Amino acid sequence: MATRPSDRQPLADQMYEVLLGQFMDGLWSPGRPLNIGALSRELNVSQTPLREALARLEHTGLVRREALKGYRVAPLFSETELIKLMDARLVLEPTLTYEAGRRTTPEFLQDVADSIEELRRCATGDGPPSVRAYLSADERFHFLIAKQSANPFLESAYRSLSGHVQRFRLFTELGSSDAESPAREHTAVHEALTAGDAEGAAERMRQHIENAKARALKDRQAVSSG
């Protein structure tokens, strides 16, 4: 299990990071019950900070609270939910990318390049990719662009989706039959940003999300038919 963070943090914050780290390390499967008593004993903390941490995770969409039953890891997206989430991203992210493309700086472009290189290393290295490192690099790429848009309202709208996007990444995207495609698609966006082509960057972001949607639906259908 994940190591506990520094005791200098409030205990509920520590537990949030511990549990989120366990999600990112692939230790919790979709639909699995989260027994607060067992977690309390395992992590050697009282149930109160765990309940606070789980309430925060519920807000991200990663866990759900069921009346009289307690908390449970969120199930896999239904096909309809997946389509609607990706459609929401298609509304927001090309616009964020276009706005970021109008405001590029050398520092921003380097940060984006670094996130792509990390994603590529995770996808092409020996053995299975590190779930935590892969997800972190993928998330960083999209958050960097959202922040560079310099539109706090659009950025806030994207961040409000971030928990659901993370759930998509955790339970869908990393299991894709083609884990290297996101790095290639991120590179295409970066190339357009570097060229000062804001419209081209927005279009490549749209293509990236469409491709991610198609990969997820393909993998879902493969699992269902299997």
# chains A, B, ... in the order shown; residues from 1 in each chain; ligands from 1

$ select_by_dssp --residues "stretch 15-110 of chain A" --states "strand (DSSP E)" --output "mmCIF file with N, CA, C and O atoms, in the first residue's frame"
data_model
loop_
_atom_site.group_PDB
_atom_site.id
_atom_site.type_symbol
_atom_site.label_atom_id
_atom_site.label_comp_id
_atom_site.auth_asym_id
_atom_site.auth_seq_id
_atom_site.Cartn_x
_atom_site.Cartn_y
_atom_site.Cartn_z
ATOM 1 N N PRO A 33 -16.106 -2.414 -2.647
ATOM 2 C CA PRO A 33 -16.508 -1.714 -1.413
ATOM 3 C C PRO A 33 -15.285 -1.163 -0.686
ATOM 4 O O PRO A 33 -14.195 -1.737 -0.731
ATOM 5 N N LEU A 34 -15.471 -0.028 -0.006
ATOM 6 C CA LEU A 34 -14.421 0.594 0.799
ATOM 7 C C LEU A 34 -14.857 0.498 2.257
ATOM 8 O O LEU A 34 -15.716 1.267 2.704
ATOM 9 N N VAL A 63 -15.238 7.769 -5.954
ATOM 10 C CA VAL A 63 -15.985 6.874 -5.073
ATOM 11 C C VAL A 63 -17.427 7.348 -4.983
ATOM 12 O O VAL A 63 -17.736 8.506 -5.290
ATOM 13 N N ARG A 64 -18.291 6.453 -4.552
ATOM 14 C CA ARG A 64 -19.700 6.779 -4.370
ATOM 15 C C ARG A 64 -20.152 6.326 -2.992
ATOM 16 O O ARG A 64 -19.682 5.295 -2.486
ATOM 17 N N ARG A 65 -21.048 7.101 -2.402
ATOM 18 C CA ARG A 65 -21.607 6.733 -1.107
ATOM 19 C C ARG A 65 -23.028 6.227 -1.328
ATOM 20 O O ARG A 65 -23.848 6.900 -1.951
ATOM 21 N N GLU A 66 -23.286 5.039 -0.822
ATOM 22 C CA GLU A 66 -24.602 4.427 -0.970
ATOM 23 C C GLU A 66 -25.288 4.392 0.391
ATOM 24 O O GLU A 66 -24.685 3.989 1.394
ATOM 25 N N GLY A 70 -22.481 2.495 2.814
ATOM 26 C CA GLY A 70 -21.157 3.096 2.887
ATOM 27 C C GLY A 70 -20.581 3.419 1.524
ATOM 28 O O GLY A 70 -21.305 3.552 0.533
ATOM 29 N N TYR A 71 -19.256 3.496 1.480
ATOM 30 C CA TYR A 71 -18.578 3.927 0.254
ATOM 31 C C TYR A 71 -18.164 2.737 -0.611
ATOM 32 O O TYR A 71 -17.876 1.645 -0.108
ATOM 33 N N ARG A 72 -18.117 3.002 -1.895
ATOM 34 C CA ARG A 72 -17.727 2.001 -2.883
ATOM 35 C C ARG A 72 -16.968 2.710 -4.001
ATOM 36 O O ARG A 72 -17.283 3.854 -4.350
ATOM 37 N N VAL A 73 -15.951 2.062 -4.548
ATOM 38 C CA VAL A 73 -15.260 2.608 -5.707
ATOM 39 C C VAL A 73 -16.265 2.769 -6.841
ATOM 40 O O VAL A 73 -17.109 1.894 -7.069
#

$ residues_around --residues "stretch 14-20 of chain A" --least-positions-apart "5" --cutoff "12 Å" --atoms "only C-alpha atoms" --output "PyMOL selection string"
chain A and resi 1-9+25-28+34+36+39-40+42-63+73+132+135-136+163+166-167+170

$ atom_distance --atom1 "atom CA of A:Phe141" --atom2 "atom CA of A:His186"
7.8 Å

$ select_by_dssp --residues "stretch 9-81 of chain A" --states "helix (DSSP H, G or I)" --output "PyMOL selection string"
chain A and resi 11-24+36-43+47-60+79-81

$ write_last_selection --atoms "N, CA and C atoms" --output "CSV table (one decimal), in the first residue's frame"
chain,number,residue,atom,x,y,z
A,11,LEU,N,-4.5,15.4,9.1
A,11,LEU,CA,-4.6,14.0,8.9
A,11,LEU,C,-5.6,13.6,7.8
A,12,ALA,N,-6.7,14.4,7.7
A,12,ALA,CA,-7.7,14.1,6.6
A,12,ALA,C,-7.0,14.3,5.2
A,13,ASP,N,-6.1,15.3,5.1
A,13,ASP,CA,-5.4,15.6,3.9
A,13,ASP,C,-4.4,14.4,3.6
A,14,GLN,N,-3.8,13.9,4.6
A,14,GLN,CA,-2.9,12.8,4.5
A,14,GLN,C,-3.7,11.6,3.9
A,15,MET,N,-4.8,11.3,4.5
A,15,MET,CA,-5.6,10.1,4.1
A,15,MET,C,-6.1,10.3,2.7
A,16,TYR,N,-6.5,11.5,2.3
A,16,TYR,CA,-6.9,11.7,0.9
A,16,TYR,C,-5.8,11.4,0.0
A,17,GLU,N,-4.6,11.8,0.3
A,17,GLU,CA,-3.4,11.5,-0.6
A,17,GLU,C,-3.1,10.1,-0.6
A,18,VAL,N,-3.2,9.4,0.6
A,18,VAL,CA,-2.9,8.0,0.6
A,18,VAL,C,-3.9,7.2,-0.3
A,19,LEU,N,-5.2,7.5,-0.1
A,19,LEU,CA,-6.2,6.8,-0.9
A,19,LEU,C,-6.1,7.1,-2.4
A,20,LEU,N,-5.9,8.4,-2.7
A,20,LEU,CA,-5.8,8.7,-4.1
A,20,LEU,C,-4.5,8.0,-4.7
A,21,GLY,N,-3.5,7.9,-3.9
A,21,GLY,CA,-2.3,7.2,-4.4
A,21,GLY,C,-2.6,5.8,-4.6
A,22,GLN,N,-3.4,5.2,-3.8
A,22,GLN,CA,-3.7,3.8,-4.0
A,22,GLN,C,-4.6,3.6,-5.2
A,23,PHE,N,-5.5,4.5,-5.5
A,23,PHE,CA,-6.2,4.5,-6.8
A,23,PHE,C,-5.2,4.5,-7.9
A,24,MET,N,-4.3,5.5,-7.9
A,24,MET,CA,-3.4,5.7,-9.0
A,24,MET,C,-2.4,4.5,-9.2
A,36,ILE,N,-14.6,1.2,5.9
A,36,ILE,CA,-13.9,2.3,6.7
A,36,ILE,C,-13.2,1.6,7.9
A,37,GLY,N,-13.8,0.7,8.5
A,37,GLY,CA,-13.2,0.0,9.6
A,37,GLY,C,-11.9,-0.7,9.3
A,38,ALA,N,-11.9,-1.4,8.2
A,38,ALA,CA,-10.7,-2.1,7.7
A,38,ALA,C,-9.6,-1.1,7.4
A,39,LEU,N,-10.0,0.0,6.7
A,39,LEU,CA,-9.0,1.0,6.3
A,39,LEU,C,-8.4,1.7,7.5
A,40,SER,N,-9.3,1.9,8.5
A,40,SER,CA,-8.8,2.5,9.8
A,40,SER,C,-7.8,1.7,10.5
A,41,ARG,N,-8.0,0.3,10.5
A,41,ARG,CA,-7.0,-0.6,11.1
A,41,ARG,C,-5.7,-0.7,10.3
A,42,GLU,N,-5.9,-0.7,9.0
A,42,GLU,CA,-4.8,-0.9,8.1
A,42,GLU,C,-3.9,0.3,8.1
A,43,LEU,N,-4.5,1.5,8.1
A,43,LEU,CA,-3.7,2.8,8.1
A,43,LEU,C,-3.4,3.3,9.5
A,47,GLN,N,-11.5,6.7,12.3
A,47,GLN,CA,-12.4,6.7,11.1
A,47,GLN,C,-12.7,8.1,10.6
A,48,THR,N,-12.6,9.1,11.5
A,48,THR,CA,-13.1,10.5,11.2
A,48,THR,C,-12.3,11.1,10.0
A,49,PRO,N,-10.9,11.1,10.0
A,49,PRO,CA,-10.2,11.6,8.9
A,49,PRO,C,-10.4,10.8,7.6
A,50,LEU,N,-10.7,9.5,7.8
A,50,LEU,CA,-11.0,8.7,6.6
A,50,LEU,C,-12.3,9.0,6.0
A,51,ARG,N,-13.3,9.3,6.8
A,51,ARG,CA,-14.6,9.7,6.3
A,51,ARG,C,-14.5,11.1,5.5
A,52,GLU,N,-13.7,12.0,6.1
A,52,GLU,CA,-13.5,13.3,5.4
A,52,GLU,C,-12.8,13.1,4.1
A,53,ALA,N,-11.8,12.2,4.1
A,53,ALA,CA,-11.0,11.9,2.8
A,53,ALA,C,-11.9,11.3,1.8
A,54,LEU,N,-12.8,10.3,2.2
A,54,LEU,CA,-13.7,9.7,1.3
A,54,LEU,C,-14.7,10.6,0.7
A,55,ALA,N,-15.2,11.6,1.6
A,55,ALA,CA,-16.1,12.6,1.1
A,55,ALA,C,-15.5,13.4,0.0
A,56,ARG,N,-14.2,13.7,0.2
A,56,ARG,CA,-13.5,14.5,-0.9
A,56,ARG,C,-13.4,13.7,-2.2
A,57,LEU,N,-13.1,12.4,-2.0
A,57,LEU,CA,-13.0,11.5,-3.2
A,57,LEU,C,-14.3,11.3,-3.9
A,58,GLU,N,-15.4,11.4,-3.1
A,58,GLU,CA,-16.7,11.3,-3.7
A,58,GLU,C,-17.0,12.5,-4.6
A,59,HIS,N,-16.5,13.7,-4.2
A,59,HIS,CA,-16.6,14.9,-5.0
A,59,HIS,C,-15.9,14.7,-6.3
A,60,THR,N,-14.8,14.0,-6.3
A,60,THR,CA,-14.1,13.8,-7.6
A,60,THR,C,-14.7,12.8,-8.5
A,79,GLU,N,-21.4,3.2,-21.3
A,79,GLU,CA,-21.1,3.8,-22.6
A,79,GLU,C,-21.6,5.2,-22.8
A,80,THR,N,-22.9,5.4,-22.3
A,80,THR,CA,-23.5,6.7,-22.4
A,80,THR,C,-22.7,7.7,-21.6
A,81,GLU,N,-22.3,7.4,-20.4
A,81,GLU,CA,-21.5,8.3,-19.6
A,81,GLU,C,-20.2,8.7,-20.2

$ closest_residue --among "A:Arg140, A:Arg215, A:Arg32, A:His208" --to "A:Phe108" --atoms "only C-alpha atoms"
A:Arg140

$ atom_distance --atom1 "atom CA of A:Pro182" --atom2 "atom CA of A:Asn151"
25.1 Å

$ residues_around --residues "A:Leu85" --least-positions-apart "3" --cutoff "12 Å" --atoms "only C-alpha atoms" --output "PyMOL selection string"
chain A and resi 77-82+88-93+158+160-169+209-210+212-213+216

$ residues_around --residues "A:Arg204" --least-positions-apart "3" --cutoff "9 Å" --atoms "only C-alpha atoms" --output "MDAnalysis selection string"
chainID A and resid 94 185:186 188:189 192 199:201 207:209

$ write_last_selection --atoms "all heavy atoms" --output "mmCIF file, in the first residue's frame"
data_model
loop_
_atom_site.group_PDB
_atom_site.id
_atom_site.type_symbol
_atom_site.label_atom_id
_atom_site.label_comp_id
_atom_site.auth_asym_id
_atom_site.auth_seq_id
_atom_site.Cartn_x
_atom_site.Cartn_y
_atom_site.Cartn_z
ATOM 1 N N PRO A 94 -10.638 22.062 -26.872
ATOM 2 C CA PRO A 94 -10.121 22.774 -28.036
ATOM 3 C C PRO A 94 -10.099 24.295 -27.830
ATOM 4 O O PRO A 94 -9.157 24.975 -28.276
ATOM 5 C CB PRO A 94 -11.096 22.364 -29.151
ATOM 6 C CG PRO A 94 -11.583 21.017 -28.726
ATOM 7 C CD PRO A 94 -11.726 21.125 -27.237
ATOM 8 N N GLU A 185 -0.243 11.949 -29.857
ATOM 9 C CA GLU A 185 -1.258 12.992 -30.058
ATOM 10 C C GLU A 185 -0.919 14.259 -29.276
ATOM 11 O O GLU A 185 -1.140 15.374 -29.765
ATOM 12 C CB GLU A 185 -2.631 12.439 -29.685
ATOM 13 C CG GLU A 185 -3.083 11.350 -30.653
ATOM 14 C CD GLU A 185 -4.174 10.456 -30.108
ATOM 15 O OE1 GLU A 185 -4.764 10.787 -29.056
ATOM 16 O OE2 GLU A 185 -4.446 9.402 -30.728
ATOM 17 N N HIS A 186 -0.376 14.103 -28.074
ATOM 18 C CA HIS A 186 0.083 15.271 -27.323
ATOM 19 C C HIS A 186 1.199 15.981 -28.093
ATOM 20 O O HIS A 186 1.265 17.215 -28.114
ATOM 21 C CB HIS A 186 0.606 14.844 -25.955
ATOM 22 C CG HIS A 186 -0.461 14.430 -24.989
ATOM 23 N ND1 HIS A 186 -0.218 14.289 -23.640
ATOM 24 C CD2 HIS A 186 -1.767 14.117 -25.163
ATOM 25 C CE1 HIS A 186 -1.334 13.911 -23.029
ATOM 26 N NE2 HIS A 186 -2.288 13.795 -23.935
ATOM 27 N N ALA A 188 1.596 16.136 -31.288
ATOM 28 C CA ALA A 188 1.007 16.892 -32.402
ATOM 29 C C ALA A 188 0.461 18.231 -31.923
ATOM 30 O O ALA A 188 0.608 19.262 -32.598
ATOM 31 C CB ALA A 188 -0.096 16.072 -33.067
ATOM 32 N N VAL A 189 -0.177 18.235 -30.759
ATOM 33 C CA VAL A 189 -0.674 19.495 -30.187
ATOM 34 C C VAL A 189 0.503 20.418 -29.889
ATOM 35 O O VAL A 189 0.477 21.618 -30.216
ATOM 36 C CB VAL A 189 -1.483 19.222 -28.899
ATOM 37 C CG1 VAL A 189 -1.875 20.552 -28.226
ATOM 38 C CG2 VAL A 189 -2.732 18.409 -29.209
ATOM 39 N N ALA A 192 2.012 22.142 -32.960
ATOM 40 C CA ALA A 192 1.213 23.276 -33.436
ATOM 41 C C ALA A 192 1.375 24.479 -32.506
ATOM 42 O O ALA A 192 1.474 25.626 -32.971
ATOM 43 C CB ALA A 192 -0.250 22.875 -33.541
ATOM 44 N N GLU A 199 -5.073 27.746 -34.000
ATOM 45 C CA GLU A 199 -6.194 27.011 -34.574
ATOM 46 C C GLU A 199 -5.810 25.553 -34.842
ATOM 47 O O GLU A 199 -6.601 24.634 -34.594
ATOM 48 C CB GLU A 199 -6.660 27.688 -35.853
ATOM 49 C CG GLU A 199 -7.339 29.034 -35.622
ATOM 50 C CD GLU A 199 -7.921 29.604 -36.898
ATOM 51 O OE1 GLU A 199 -7.782 28.962 -37.960
ATOM 52 O OE2 GLU A 199 -8.521 30.697 -36.818
ATOM 53 N N GLY A 200 -4.604 25.343 -35.341
ATOM 54 C CA GLY A 200 -4.148 23.983 -35.589
ATOM 55 C C GLY A 200 -4.015 23.191 -34.297
ATOM 56 O O GLY A 200 -4.348 22.010 -34.244
ATOM 57 N N ALA A 201 -3.537 23.835 -33.235
ATOM 58 C CA ALA A 201 -3.412 23.168 -31.944
ATOM 59 C C ALA A 201 -4.787 22.765 -31.419
ATOM 60 O O ALA A 201 -4.964 21.661 -30.879
ATOM 61 C CB ALA A 201 -2.699 24.074 -30.940
ATOM 62 N N GLN A 207 -8.938 16.270 -32.192
ATOM 63 C CA GLN A 207 -8.671 14.935 -32.722
ATOM 64 C C GLN A 207 -8.195 13.987 -31.631
ATOM 65 O O GLN A 207 -8.573 12.809 -31.596
ATOM 66 C CB GLN A 207 -7.620 15.029 -33.835
ATOM 67 C CG GLN A 207 -8.120 15.746 -35.083
ATOM 68 C CD GLN A 207 -7.015 16.006 -36.092
ATOM 69 O OE1 GLN A 207 -5.832 15.744 -35.818
ATOM 70 N NE2 GLN A 207 -7.366 16.535 -37.253
ATOM 71 N N HIS A 208 -7.365 14.502 -30.712
ATOM 72 C CA HIS A 208 -6.859 13.679 -29.606
ATOM 73 C C HIS A 208 -8.008 13.157 -28.744
ATOM 74 O O HIS A 208 -8.059 11.969 -28.401
ATOM 75 C CB HIS A 208 -5.893 14.516 -28.764
ATOM 76 C CG HIS A 208 -5.545 13.921 -27.446
ATOM 77 N ND1 HIS A 208 -5.134 12.613 -27.287
ATOM 78 C CD2 HIS A 208 -5.544 14.463 -26.192
ATOM 79 C CE1 HIS A 208 -4.889 12.372 -26.006
ATOM 80 N NE2 HIS A 208 -5.143 13.474 -25.318
ATOM 81 N N ILE A 209 -8.945 14.026 -28.406
ATOM 82 C CA ILE A 209 -10.056 13.610 -27.552
ATOM 83 C C ILE A 209 -10.980 12.661 -28.308
ATOM 84 O O ILE A 209 -11.477 11.678 -27.738
ATOM 85 C CB ILE A 209 -10.807 14.847 -27.017
ATOM 86 C CG1 ILE A 209 -9.867 15.666 -26.133
ATOM 87 C CG2 ILE A 209 -12.039 14.430 -26.205
ATOM 88 C CD1 ILE A 209 -10.401 17.022 -25.753
#

$ atom_distance --atom1 "atom CA of A:Asp138" --atom2 "atom CA of A:Thr124"
14.3 Å

$ decode --residues "stretch 100-119 of chain A" --atoms "N, CA and C atoms" --output "compact mmCIF listing (two decimals), in the first residue's frame"
# COMPACT_ATOMS: atom_id res chain seq x y z
N ALA A 100 -4.66 29.02 -25.15
CA ALA A 100 -3.27 28.81 -24.74
C ALA A 100 -2.32 29.07 -25.90
N GLY A 101 -2.74 28.67 -27.11
CA GLY A 101 -1.91 28.87 -28.29
C GLY A 101 -1.68 30.33 -28.64
N ARG A 102 -2.54 31.19 -28.17
CA ARG A 102 -2.37 32.63 -28.39
C ARG A 102 -1.45 33.26 -27.35
N ARG A 103 -1.06 32.47 -26.35
CA ARG A 103 -0.31 33.03 -25.22
C ARG A 103 0.90 32.15 -24.87
N THR A 104 1.49 31.51 -25.84
CA THR A 104 2.60 30.62 -25.53
C THR A 104 3.82 31.40 -25.05
N THR A 105 4.57 30.75 -24.19
CA THR A 105 5.86 31.25 -23.72
C THR A 105 6.86 30.10 -23.82
N PRO A 106 8.15 30.40 -23.86
CA PRO A 106 9.13 29.31 -23.89
C PRO A 106 9.00 28.37 -22.69
N GLU A 107 8.70 28.95 -21.52
CA GLU A 107 8.57 28.13 -20.32
C GLU A 107 7.38 27.18 -20.42
N PHE A 108 6.27 27.69 -20.91
CA PHE A 108 5.07 26.87 -21.09
C PHE A 108 5.33 25.74 -22.07
N LEU A 109 5.94 26.06 -23.20
CA LEU A 109 6.21 25.04 -24.22
C LEU A 109 7.15 23.97 -23.69
N GLN A 110 8.13 24.37 -22.87
CA GLN A 110 9.05 23.39 -22.31
C GLN A 110 8.34 22.50 -21.30
N ASP A 111 7.48 23.09 -20.49
CA ASP A 111 6.73 22.29 -19.51
C ASP A 111 5.85 21.26 -20.22
N VAL A 112 5.20 21.68 -21.30
CA VAL A 112 4.37 20.75 -22.07
C VAL A 112 5.23 19.64 -22.68
N ALA A 113 6.38 20.02 -23.23
CA ALA A 113 7.29 19.02 -23.80
C ALA A 113 7.74 18.02 -22.74
N ASP A 114 8.03 18.51 -21.54
CA ASP A 114 8.46 17.62 -20.46
C ASP A 114 7.37 16.62 -20.09
N SER A 115 6.12 17.09 -20.06
CA SER A 115 5.02 16.18 -19.73
C SER A 115 4.86 15.10 -20.79
N ILE A 116 5.09 15.47 -22.05
CA ILE A 116 4.97 14.50 -23.14
C ILE A 116 6.09 13.46 -23.06
N GLU A 117 7.30 13.93 -22.75
CA GLU A 117 8.42 13.00 -22.65
C GLU A 117 8.21 12.01 -21.52
N GLU A 118 7.67 12.47 -20.41
CA GLU A 118 7.37 11.57 -19.29
C GLU A 118 6.30 10.55 -19.69
N LEU A 119 5.26 11.02 -20.39
CA LEU A 119 4.21 10.11 -20.84
C LEU A 119 4.77 9.07 -21.79
